[in-house]
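This is structure_36.txt (compact mmCIF, C-alpha atoms).
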# COMPACT_ATOMS: atom_id res chain seq x y z
CA MET E 1 29.58 -191.17 -31.66
CA ARG E 2 27.04 -192.09 -28.99
CA ASN E 3 25.87 -188.50 -29.02
CA TYR E 4 25.18 -188.73 -32.74
CA TYR E 5 23.08 -191.87 -32.28
CA LEU E 6 21.27 -190.19 -29.41
CA PHE E 7 20.60 -187.14 -31.58
CA ILE E 8 19.28 -189.23 -34.49
CA GLY E 9 17.19 -191.27 -32.02
CA VAL E 10 15.56 -188.14 -30.59
CA LEU E 11 15.09 -186.67 -34.06
CA SER E 12 13.49 -189.93 -35.24
CA LEU E 13 11.04 -189.76 -32.34
CA ILE E 14 10.16 -186.17 -33.23
CA VAL E 15 9.74 -187.02 -36.93
CA THR E 16 7.59 -190.05 -36.07
CA ALA E 17 5.43 -187.91 -33.78
CA LEU E 18 5.07 -185.31 -36.54
CA LEU E 19 4.08 -187.93 -39.10
CA ILE E 20 1.54 -189.51 -36.74
CA THR E 21 0.07 -186.07 -36.02
CA GLY E 22 0.03 -185.44 -39.75
CA PHE E 23 -1.90 -188.64 -40.38
CA ILE E 24 -4.38 -187.79 -37.62
CA VAL E 25 -4.89 -184.25 -38.85
CA GLY E 26 -4.60 -184.80 -42.59
CA GLY E 27 -6.20 -188.22 -42.77
CA THR E 28 -4.72 -191.64 -43.34
CA PRO E 29 -4.13 -192.92 -46.88
CA VAL E 30 -7.17 -195.22 -46.52
CA SER E 31 -9.51 -192.42 -45.47
CA GLN E 32 -8.05 -190.22 -48.18
CA ARG E 33 -8.98 -192.78 -50.80
CA SER E 34 -12.62 -192.57 -49.70
CA VAL E 35 -12.47 -188.79 -49.75
CA ALA E 36 -10.87 -188.83 -53.20
CA LEU E 37 -13.60 -191.18 -54.46
CA ASP E 38 -16.29 -188.80 -53.22
CA ALA E 39 -14.43 -185.88 -54.75
CA THR E 40 -14.51 -187.75 -58.08
CA ARG E 41 -18.23 -188.38 -57.67
CA LEU E 42 -18.95 -184.73 -56.92
CA ALA E 43 -16.78 -183.70 -59.87
CA ASP E 44 -18.84 -186.05 -62.08
CA PHE E 45 -22.01 -184.54 -60.61
CA SER E 46 -20.69 -181.11 -61.43
CA ALA E 47 -20.02 -182.13 -65.04
CA LEU E 48 -23.51 -183.62 -65.29
CA GLN E 49 -24.99 -180.47 -63.78
CA THR E 50 -23.25 -178.35 -66.41
CA SER E 51 -24.67 -180.53 -69.20
CA ILE E 52 -28.14 -180.52 -67.64
CA VAL E 53 -28.09 -176.72 -67.37
CA ALA E 54 -27.02 -176.52 -71.03
CA TYR E 55 -29.88 -178.88 -71.94
CA TYR E 56 -32.30 -176.73 -69.96
CA GLN E 57 -31.15 -173.59 -71.74
CA ASN E 58 -31.78 -175.23 -75.11
CA HIS E 59 -35.05 -176.99 -74.33
CA VAL E 60 -36.48 -174.92 -71.44
CA ARG E 61 -37.10 -178.15 -69.56
CA LEU E 62 -35.07 -180.69 -67.70
CA PRO E 63 -34.01 -183.87 -69.50
CA GLU E 64 -36.09 -186.92 -68.65
CA ARG E 65 -33.04 -189.12 -68.31
CA LEU E 66 -29.29 -188.63 -68.41
CA SER E 67 -29.04 -190.31 -71.81
CA ASP E 68 -30.92 -187.32 -73.27
CA LEU E 69 -27.82 -185.23 -72.63
CA SER E 70 -25.37 -184.75 -75.46
CA LEU E 71 -22.49 -186.32 -73.57
CA PRO E 72 -20.17 -188.67 -75.47
CA ILE E 73 -19.68 -190.81 -72.36
CA LEU E 74 -21.91 -190.71 -69.32
CA PRO E 75 -19.77 -190.61 -66.17
CA THR E 76 -20.21 -193.61 -63.90
CA ASP E 77 -19.53 -194.22 -60.24
CA PRO E 78 -15.78 -194.85 -59.78
CA VAL E 79 -16.36 -197.91 -57.60
CA THR E 80 -19.58 -199.58 -58.76
CA ARG E 81 -19.18 -198.48 -62.41
CA GLN E 82 -22.95 -197.95 -62.40
CA ALA E 83 -24.51 -194.86 -63.94
CA TYR E 84 -25.46 -192.14 -61.49
CA ILE E 85 -29.14 -191.91 -60.61
CA TYR E 86 -30.88 -188.79 -61.88
CA GLN E 87 -34.24 -187.59 -60.62
CA PRO E 88 -35.91 -184.31 -61.62
CA THR E 89 -37.56 -182.95 -58.48
CA THR E 90 -39.19 -179.69 -59.62
CA VAL E 91 -39.33 -177.79 -62.89
CA THR E 92 -35.92 -176.29 -62.22
CA SER E 93 -34.23 -178.67 -59.79
CA PHE E 94 -32.99 -182.22 -59.87
CA LYS E 95 -31.20 -184.77 -57.76
CA LEU E 96 -28.13 -186.84 -58.54
CA CYS E 97 -27.65 -189.91 -56.37
CA THR E 98 -25.00 -192.53 -55.77
CA GLU E 99 -23.27 -194.52 -53.01
CA PHE E 100 -20.93 -192.13 -51.20
CA SER E 101 -17.86 -193.38 -49.28
CA THR E 102 -17.74 -190.63 -46.68
CA ASP E 103 -19.99 -188.27 -44.79
CA SER E 104 -19.31 -184.81 -46.18
CA SER E 105 -19.81 -183.14 -42.80
CA THR E 106 -16.89 -185.01 -41.22
CA ALA E 107 -14.71 -185.75 -44.23
CA ASN E 108 -14.54 -182.24 -45.65
CA SER E 109 -13.79 -180.51 -42.40
CA SER E 110 -10.26 -181.74 -41.95
CA ALA E 111 -9.14 -184.45 -44.28
CA SER E 112 -10.43 -183.68 -47.72
CA LEU E 113 -8.01 -184.27 -50.52
CA LEU E 114 -9.65 -181.60 -52.60
CA SER E 115 -11.37 -179.57 -49.92
CA TYR E 116 -10.80 -176.39 -51.87
CA GLN E 117 -12.85 -177.80 -54.76
CA ILE E 118 -15.79 -179.18 -52.87
CA SER E 119 -18.34 -176.60 -52.04
CA SER E 120 -19.84 -177.02 -48.61
CA GLU E 121 -23.34 -176.62 -50.07
CA TYR E 122 -23.16 -180.11 -51.61
CA THR E 123 -23.46 -182.23 -48.51
CA HIS E 124 -24.03 -185.95 -48.43
CA LYS E 125 -23.98 -188.74 -45.91
CA LYS E 126 -22.11 -192.02 -46.14
CA GLY E 127 -23.87 -194.65 -48.24
CA TYR E 128 -26.65 -193.97 -50.76
CA ASP E 129 -27.47 -190.30 -50.84
CA CYS E 130 -28.53 -187.59 -53.24
CA VAL E 131 -27.29 -184.09 -53.94
CA THR E 132 -29.89 -181.56 -55.09
CA TYR E 133 -29.00 -179.07 -57.78
CA ASN E 134 -30.99 -176.08 -59.04
CA ILE E 135 -30.96 -174.63 -62.50
CA PRO E 136 -29.20 -171.29 -61.91
CA GLU E 137 -31.25 -168.14 -62.39
CA TYR E 138 -29.29 -167.01 -65.42
CA ALA E 139 -30.29 -170.18 -67.27
CA VAL E 140 -34.02 -169.78 -66.64
CA PRO E 141 -35.55 -167.70 -69.48
CA SER E 142 -37.24 -164.62 -68.17
CA VAL E 143 -41.02 -164.99 -68.08
CA PRO E 144 -41.75 -161.76 -66.32
CA THR E 145 -44.08 -161.76 -63.38
CA PRO E 146 -46.33 -158.70 -62.97
CA ALA E 147 -43.73 -157.28 -60.60
CA ASP E 148 -40.99 -157.76 -63.20
CA ALA E 149 -43.12 -156.13 -65.85
CA LEU E 150 -43.76 -153.19 -63.60
CA SER E 151 -40.07 -152.73 -62.99
CA GLN E 152 -39.48 -152.87 -66.75
CA PHE E 153 -42.05 -150.16 -67.20
CA THR E 154 -40.53 -147.90 -64.64
CA LYS E 155 -37.18 -148.44 -66.29
CA GLY E 156 -38.21 -147.69 -69.82
CA ILE E 157 -41.22 -145.50 -70.07
CA TYR E 158 -39.91 -142.06 -69.32
CA LEU E 159 -41.56 -140.38 -72.27
CA LYS E 160 -41.23 -136.72 -72.97
CA GLU E 161 -44.56 -135.00 -72.83
CA GLN E 162 -44.98 -133.33 -76.17
CA SER E 163 -47.45 -130.63 -75.16
CA SER E 164 -49.70 -129.89 -72.29
CA PRO E 165 -52.62 -132.25 -72.58
CA THR E 166 -55.55 -130.61 -74.29
CA THR E 167 -57.43 -133.80 -74.85
CA ASN E 168 -58.33 -136.31 -72.27
CA ALA E 169 -56.13 -138.97 -73.72
CA LEU E 170 -52.57 -139.14 -74.85
CA VAL E 171 -51.97 -141.57 -77.65
CA ILE E 172 -48.42 -142.42 -78.56
CA ASN E 173 -48.06 -143.67 -82.06
CA TYR E 174 -45.43 -145.95 -83.41
CA ASN E 175 -45.56 -146.83 -87.10
CA ASN E 176 -48.98 -145.21 -87.22
CA ASN E 177 -50.36 -147.64 -84.67
CA ALA E 178 -51.59 -146.50 -81.35
CA VAL E 179 -49.14 -148.21 -79.11
CA ILE E 180 -49.63 -146.62 -75.74
CA THR E 181 -52.82 -144.92 -74.74
CA VAL E 182 -53.13 -142.98 -71.55
CA ASP E 183 -56.35 -141.52 -70.28
CA TYR E 184 -55.35 -138.30 -68.55
CA SER E 185 -58.70 -137.52 -67.06
CA GLN E 186 -58.87 -140.75 -65.15
CA ALA E 187 -55.17 -141.16 -64.76
CA ARG E 188 -55.41 -144.57 -66.29
CA PHE E 189 -53.07 -146.44 -68.46
CA LEU E 190 -55.30 -147.92 -71.07
CA SER E 191 -53.51 -150.02 -73.57
CA VAL E 192 -50.15 -151.09 -74.81
CA GLY E 193 -49.85 -152.39 -78.34
CA GLY E 194 -53.58 -152.78 -78.55
CA ASP E 195 -53.70 -155.04 -75.48
CA LEU E 196 -55.51 -153.84 -72.47
CA VAL E 197 -53.35 -153.30 -69.48
CA GLU E 198 -54.07 -153.40 -65.81
CA PRO E 199 -54.80 -149.79 -64.95
CA GLU E 200 -52.11 -148.28 -62.80
CA THR E 201 -51.17 -144.66 -62.79
CA TYR E 202 -48.88 -142.07 -64.27
CA PHE E 203 -47.10 -139.07 -62.90
CA LEU E 204 -46.08 -135.85 -64.45
CA ASN E 205 -42.59 -135.31 -63.22
CA GLY E 206 -41.38 -131.98 -64.54
CA ASP E 207 -41.65 -132.34 -68.29
CA LEU E 208 -41.47 -136.13 -68.07
CA LEU E 209 -44.48 -138.36 -68.12
CA GLU E 210 -43.90 -141.37 -65.95
CA ILE E 211 -46.31 -144.18 -66.59
CA TYR E 212 -46.64 -147.19 -64.37
CA GLY E 213 -48.62 -150.19 -65.40
CA VAL E 214 -48.81 -153.91 -65.46
CA THR E 215 -49.69 -155.45 -68.77
CA THR E 216 -51.64 -158.60 -69.32
CA ARG E 217 -48.96 -159.76 -71.72
CA PRO E 218 -45.80 -158.79 -69.94
CA ALA E 219 -43.43 -160.42 -72.38
CA TYR E 220 -44.74 -158.22 -75.16
CA ILE E 221 -43.29 -155.01 -73.84
CA SER E 222 -39.65 -154.76 -73.29
CA ALA E 223 -37.83 -151.76 -72.01
CA SER E 224 -36.13 -151.35 -75.36
CA GLN E 225 -39.43 -151.17 -77.19
CA ILE E 226 -40.60 -148.48 -74.88
CA LYS E 227 -37.40 -146.56 -75.39
CA ASP E 228 -37.94 -146.71 -79.13
CA LEU E 229 -41.19 -144.87 -78.67
CA SER E 230 -39.60 -142.00 -76.85
CA ARG E 231 -37.58 -140.93 -79.87
CA MET W 1 30.54 -199.49 -48.15
CA THR W 2 32.27 -202.06 -45.96
CA SER W 3 34.98 -201.23 -43.45
CA ASN W 4 37.41 -203.05 -45.67
CA GLN W 5 36.72 -200.69 -48.50
CA GLN W 6 37.01 -197.72 -46.18
CA GLN W 7 40.40 -198.85 -45.01
CA ASN W 8 41.50 -199.27 -48.60
CA GLU W 9 40.51 -195.72 -49.37
CA VAL W 10 42.24 -194.35 -46.32
CA SER W 11 45.43 -196.19 -47.11
CA VAL W 12 45.73 -194.61 -50.55
CA PRO W 13 48.64 -192.16 -50.29
CA PRO W 14 48.15 -188.62 -51.58
CA SER W 15 49.69 -187.91 -54.90
CA PRO W 16 52.44 -185.33 -54.50
CA SER W 17 50.80 -182.63 -56.60
CA SER W 18 47.34 -182.64 -55.01
CA SER W 19 46.02 -181.08 -51.81
CA THR W 20 45.21 -183.07 -48.68
CA ALA W 21 41.50 -183.12 -49.48
CA SER W 22 42.03 -185.21 -52.54
CA VAL W 23 43.04 -188.25 -50.46
CA TYR W 24 39.32 -188.71 -49.97
CA SER W 25 37.38 -190.13 -52.75
CA MET W 26 34.91 -188.11 -54.73
CA TRP W 27 32.38 -190.30 -52.97
CA ASP W 28 32.97 -188.43 -49.70
CA ALA W 29 32.18 -185.13 -51.34
CA PHE W 30 29.15 -186.70 -52.99
CA GLU W 31 27.89 -187.99 -49.63
CA HIS W 32 28.29 -184.56 -48.10
CA VAL W 33 26.31 -182.95 -50.91
CA LEU W 34 23.52 -185.51 -50.42
CA LEU W 35 23.64 -185.02 -46.65
CA PHE W 36 23.16 -181.29 -46.92
CA ILE W 37 20.41 -181.58 -49.55
CA SER W 38 18.52 -184.04 -47.35
CA LEU W 39 19.18 -181.83 -44.30
CA TYR W 40 17.57 -178.86 -46.05
CA THR W 41 14.61 -180.97 -47.15
CA VAL W 42 14.11 -182.40 -43.65
CA ALA W 43 14.47 -179.02 -41.95
CA ILE W 44 12.15 -177.22 -44.37
CA SER W 45 9.47 -179.92 -44.29
CA ILE W 46 9.53 -180.14 -40.48
CA ALA W 47 9.33 -176.35 -40.24
CA LEU W 48 6.46 -176.07 -42.73
CA MET W 49 4.55 -178.89 -41.01
CA LEU W 50 4.94 -177.16 -37.67
CA HIS W 51 3.82 -173.87 -39.22
CA LEU W 52 0.69 -175.59 -40.54
CA PHE W 53 -0.02 -177.09 -37.11
CA VAL W 54 0.47 -173.69 -35.49
CA ASP W 55 -2.05 -172.14 -37.87
CA LYS W 56 -4.48 -174.99 -37.28
CA TRP W 57 -4.39 -174.98 -33.51
CA SER W 58 -3.63 -171.35 -32.84
CA PRO W 59 -5.08 -169.29 -35.68
CA ASP W 60 -3.86 -165.76 -36.21
CA ILE W 61 -6.41 -163.36 -34.73
CA PHE W 62 -5.18 -160.47 -36.89
CA ARG W 63 -5.14 -162.55 -40.06
CA SER W 64 -2.03 -160.65 -41.00
CA GLY W 65 0.01 -163.75 -41.65
CA TYR W 66 3.57 -164.49 -40.75
CA GLY W 67 4.23 -165.44 -44.32
CA PHE W 68 3.19 -169.04 -43.90
CA SER W 69 -0.50 -168.75 -43.10
CA PRO W 70 -2.68 -167.98 -46.08
CA SER W 71 -5.25 -166.09 -44.08
CA PHE W 72 -7.89 -166.40 -46.81
CA ALA W 73 -7.76 -170.20 -46.81
CA SER W 74 -8.54 -172.66 -44.10
CA PHE W 75 -6.23 -175.47 -43.08
CA GLN W 76 -4.88 -177.09 -46.22
CA PRO W 77 -4.39 -180.83 -45.83
CA TYR W 78 -2.90 -181.32 -49.29
CA LEU W 79 0.01 -179.07 -48.31
CA LEU W 80 0.47 -181.07 -45.13
CA ARG W 81 0.58 -184.30 -47.12
CA GLY W 82 3.24 -182.82 -49.40
CA TYR W 83 5.44 -181.99 -46.41
CA MET W 84 4.82 -185.45 -44.94
CA ALA W 85 5.86 -187.07 -48.21
CA ALA W 86 9.03 -184.94 -48.32
CA LEU W 87 9.83 -185.91 -44.73
CA ILE W 88 9.16 -189.63 -45.29
CA VAL W 89 11.54 -189.65 -48.25
CA SER W 90 14.28 -187.35 -46.99
CA TYR W 91 14.50 -188.26 -43.30
CA PRO W 92 15.83 -191.85 -43.72
CA ILE W 93 18.39 -190.60 -46.23
CA PHE W 94 19.41 -187.80 -43.89
CA SER W 95 19.74 -189.98 -40.78
CA PHE W 96 21.67 -192.67 -42.68
CA LEU W 97 24.12 -190.20 -44.21
CA PHE W 98 24.43 -188.22 -41.00
CA LEU W 99 25.48 -191.28 -38.98
CA LYS W 100 27.68 -192.61 -41.75
CA ILE W 101 29.54 -189.33 -42.23
CA ALA W 102 29.79 -188.75 -38.47
CA GLY W 103 31.33 -192.18 -38.03
CA ARG W 104 33.72 -191.72 -40.89
CA THR W 105 34.78 -188.27 -39.71
CA LYS W 106 35.41 -189.67 -36.22
CA ASN W 107 37.70 -192.37 -37.62
CA LEU W 108 39.32 -189.98 -40.04
CA PRO W 109 39.43 -186.46 -38.51
CA SER W 110 41.19 -185.02 -41.54
CA LEU W 111 37.92 -185.50 -43.43
CA ARG W 112 36.96 -182.24 -41.77
CA ASN W 113 39.09 -180.50 -44.37
CA LEU W 114 36.97 -181.78 -47.23
CA ARG W 115 36.23 -178.84 -49.46
CA ALA W 116 32.60 -179.82 -50.12
CA ARG W 117 32.01 -180.12 -46.37
CA LYS W 118 33.44 -176.68 -45.67
CA ILE W 119 31.55 -175.02 -48.48
CA PHE W 120 28.25 -176.52 -47.40
CA ILE W 121 28.84 -175.79 -43.71
CA TYR W 122 29.48 -172.14 -44.45
CA LEU W 123 26.57 -171.89 -46.89
CA THR W 124 24.33 -173.44 -44.23
CA LEU W 125 25.66 -171.06 -41.59
CA ILE W 126 24.96 -168.08 -43.84
CA GLY W 127 21.50 -169.36 -44.75
CA THR W 128 20.39 -170.17 -41.21
CA PHE W 129 21.87 -166.89 -39.97
CA ILE W 130 19.84 -164.93 -42.54
CA ILE W 131 16.65 -166.86 -41.70
CA SER W 132 17.18 -166.38 -37.96
CA MET W 133 17.88 -162.70 -38.40
CA ILE W 134 14.78 -162.21 -40.59
CA SER W 135 12.61 -163.92 -37.98
CA ILE W 136 14.04 -161.74 -35.21
CA ILE W 137 13.52 -158.62 -37.34
CA GLN W 138 9.92 -159.72 -37.94
CA ILE W 139 9.27 -160.21 -34.26
CA VAL W 140 10.73 -156.81 -33.42
CA LEU W 141 8.71 -155.21 -36.21
CA ASN W 142 5.53 -156.89 -35.03
CA PHE W 143 6.30 -155.92 -31.45
CA LEU W 144 6.67 -152.29 -32.53
CA ASN W 145 3.41 -152.57 -34.48
CA GLY W 146 1.65 -154.07 -31.47
CA ASN W 147 0.82 -157.24 -33.42
CA ILE W 148 2.36 -159.81 -31.10
CA THR W 149 0.00 -162.81 -30.92
CA VAL W 150 0.41 -166.38 -29.71
CA ASN W 151 0.23 -167.52 -33.32
CA PHE W 152 3.02 -165.16 -34.28
CA LEU W 153 5.22 -166.19 -31.35
CA LEU W 154 4.77 -169.88 -32.21
CA HIS W 155 5.71 -169.24 -35.83
CA PHE W 156 8.76 -167.37 -34.61
CA PHE W 157 9.80 -170.21 -32.32
CA VAL W 158 9.46 -172.75 -35.13
CA THR W 159 11.55 -170.80 -37.62
CA PHE W 160 14.06 -169.47 -35.15
CA GLY W 161 14.29 -172.78 -33.28
CA ILE W 162 15.03 -174.91 -36.34
CA SER W 163 17.39 -172.49 -38.08
CA GLY W 164 19.03 -171.69 -34.74
CA LEU W 165 19.63 -175.38 -33.98
CA ILE W 166 21.25 -175.99 -37.34
CA PHE W 167 23.31 -172.82 -36.96
CA MET W 168 24.50 -173.78 -33.47
CA TYR W 169 25.39 -177.31 -34.56
CA TYR W 170 27.54 -176.18 -37.46
CA VAL W 171 29.13 -173.40 -35.44
CA SER W 172 30.20 -176.11 -33.00
CA GLN W 173 31.54 -178.13 -35.95
CA VAL W 174 33.57 -175.17 -37.21
CA LYS W 175 34.91 -174.60 -33.68
CA GLY W 176 35.81 -178.30 -33.46
CA ASP W 177 37.64 -178.00 -36.78
CA ARG W 178 39.66 -175.07 -35.43
CA GLN W 179 40.55 -176.89 -32.22
CA ILE W 180 41.77 -179.90 -34.15
CA HIS W 181 43.90 -177.74 -36.42
CA ALA W 182 45.05 -175.42 -33.65
Represent the structure of the file as structure tokens.
Amino acid sequence: MRNYYLFIGVLSLIVTALLITGFIVGGTPVSQRSVALDATRLADFSALQTSIVAYYQNHVRLPERLSDLSLPILPTDPVTRQAYIYQPTTVTSFKLCTEFSTDSSTANSSASLLSYQISSEYTHKKGYDCVTYNIPEYAVPSVPTPADALSQFTKGIYLKEQSSPTTNALVINYNNNAVITVDYSQARFLSVGGDLVEPETYFLNGDLLEIYGVTTRPAYISASQIKDLSR
Amino acid sequence: MTSNQQQNEVSVPPSPSSSTASVYSMWDAFEHVLLFISLYTVAISIALMLHLFVDKWSPDIFRSGYGFSPSFASFQPYLLRGYMAALIVSYPIFSFLFLKIAGRTKNLPSLRNLRARKIFIYLTLIGTFIISMISIIQIVLNFLNGNITVNFLLHFFVTFGISGLIFMYYVSQVKGDRQIHA
């Protein structure tokens, strides 16, 4: 019987050592509470971010305050029960601030309760800190820059040349309106939809006329409109 | 259960029509079932904890995985906490029942014939034998594949060590049973 007690004694020591190691590696219940609180805060931030992005998509601007959002209940800090602090920083980015219980750089590395949910990009220090969020690119309506417009042109403006140019200019009509005018002699792209365009160039590529240009009103020409003309 | 109660149970004579095992109360069988359930829980949670520690402190360089290390994920503390919880709950039950049953079997050697005890011992022997054999097959396979790493060896020692210990213990119990009945 003594052997059995000895065995259970040794096993108890091993189990105790394992549990202590587990607490060191996985965090004590007290530290886990702090981590769980911060995970709740970041989850709230994530919910707010989703609503703010939705607001941006509808209004093409950030809300002035969180109460502008169409949320039935604004999430509050799990400890202080105070509303989170929201600050727009640029046209497409904003900060959400609160009192954090842990430092994300140390807490997430080993002991996070929900480490698989917390992205490492949202870092914060212990105490009052802010997390910066950006409106994702897909939510920002496309206001094409000249470079974007140029890429749209090169995508959409492969027009079949109808005959060898006998005149100096090629005018492409759409609904009896001169829509695209190209001056062959000077290799200039003159106008699109009646608006003057920045002169670029065109290339004859086999029987295709490739026109490159940057318009002054980039939003006016979309690739689909150009494709319509080629029919 | 007090010693008085135990003596009362022991003193109950077997009814003529029943086998020897039925002199023991259903409670004995029940305790054995609980003992083996808690043994499995303790053994599995200790093994899984050790596997997690192995992956944490000696990561697999091939990321092939022994079956316990999700190579795509980093160390997962929530799994560890699950194993700790299982160990915290099951270990006291196991150690209590283990000592209680060991003491009772010592005082009453014929308890070794309890049907539940025999069934569970043999099931455990089969289970630990299969686990040990699988881990040996894996180590031979990995040796042939040239994948032997420290991580892999540690995983092997954990699985083989724990299942081997349980296997050896119950083999010794079965041998003890035979000697007593020889």
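Counting from CA of Ile166 in chain W, the distance to CA of Asn147 in chain W is 28.0 Å.
Counting only C-alpha atoms and comparing E:Leu48, E:Leu18, E:Leu13, E:Val35, the residue that lies closest to chain W is E:Leu18.
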Padding 3 Å on each side, edges along x, y and z: where is the centre of the box around the listed atoms of range 149-163 of chain W, and how long are its edges in Å to one decimal? Output it as lines of an AutoDock Vina configuration file.
center_x = 8.7
center_y = -168.9
center_z = -33.9
size_x = 23.4
size_y = 18.1
size_z = 14.4
### Query
With distances taken over all atoms listed in the file, which of W:His155, W:His51, W:His32, W:Arg117 is nearest to chain E?
W:His51
### Minimum-distance residue to chain W, chosen among E:Tyr5, E:Phe45, E:Tyr128, E:Phe100 (using only C-alpha atoms)
E:Tyr5
### Query
Which of these, E:Ala36, E:Ile85, E:Ala17, E:Val53, has the shortest distance to Cys97 in chain E once you count all atoms listed in the file?
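Under the stated criterion, the closest residue is E:Ile85.
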### Task
Please measure the separation of CA of Asn58 in chain E and CA of Asn134 in chain E, giving the value in Å to one decimal.
16.1 Å
### Query
Taking all atoms listed in the file into account, what are the residues of chain W at most 7 Å from chain E, put as a PyMOL selection string?
chain W and resi 77-78+80-81+84+95+99+103
### Query
Which value, in Å to one decimal, gives the distance between CA of Lys175 in chain W and CA of Asn113 in chain W?
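Atom-to-atom, CA of Lys175 in chain W and CA of Asn113 in chain W are spaced 12.9 Å apart.
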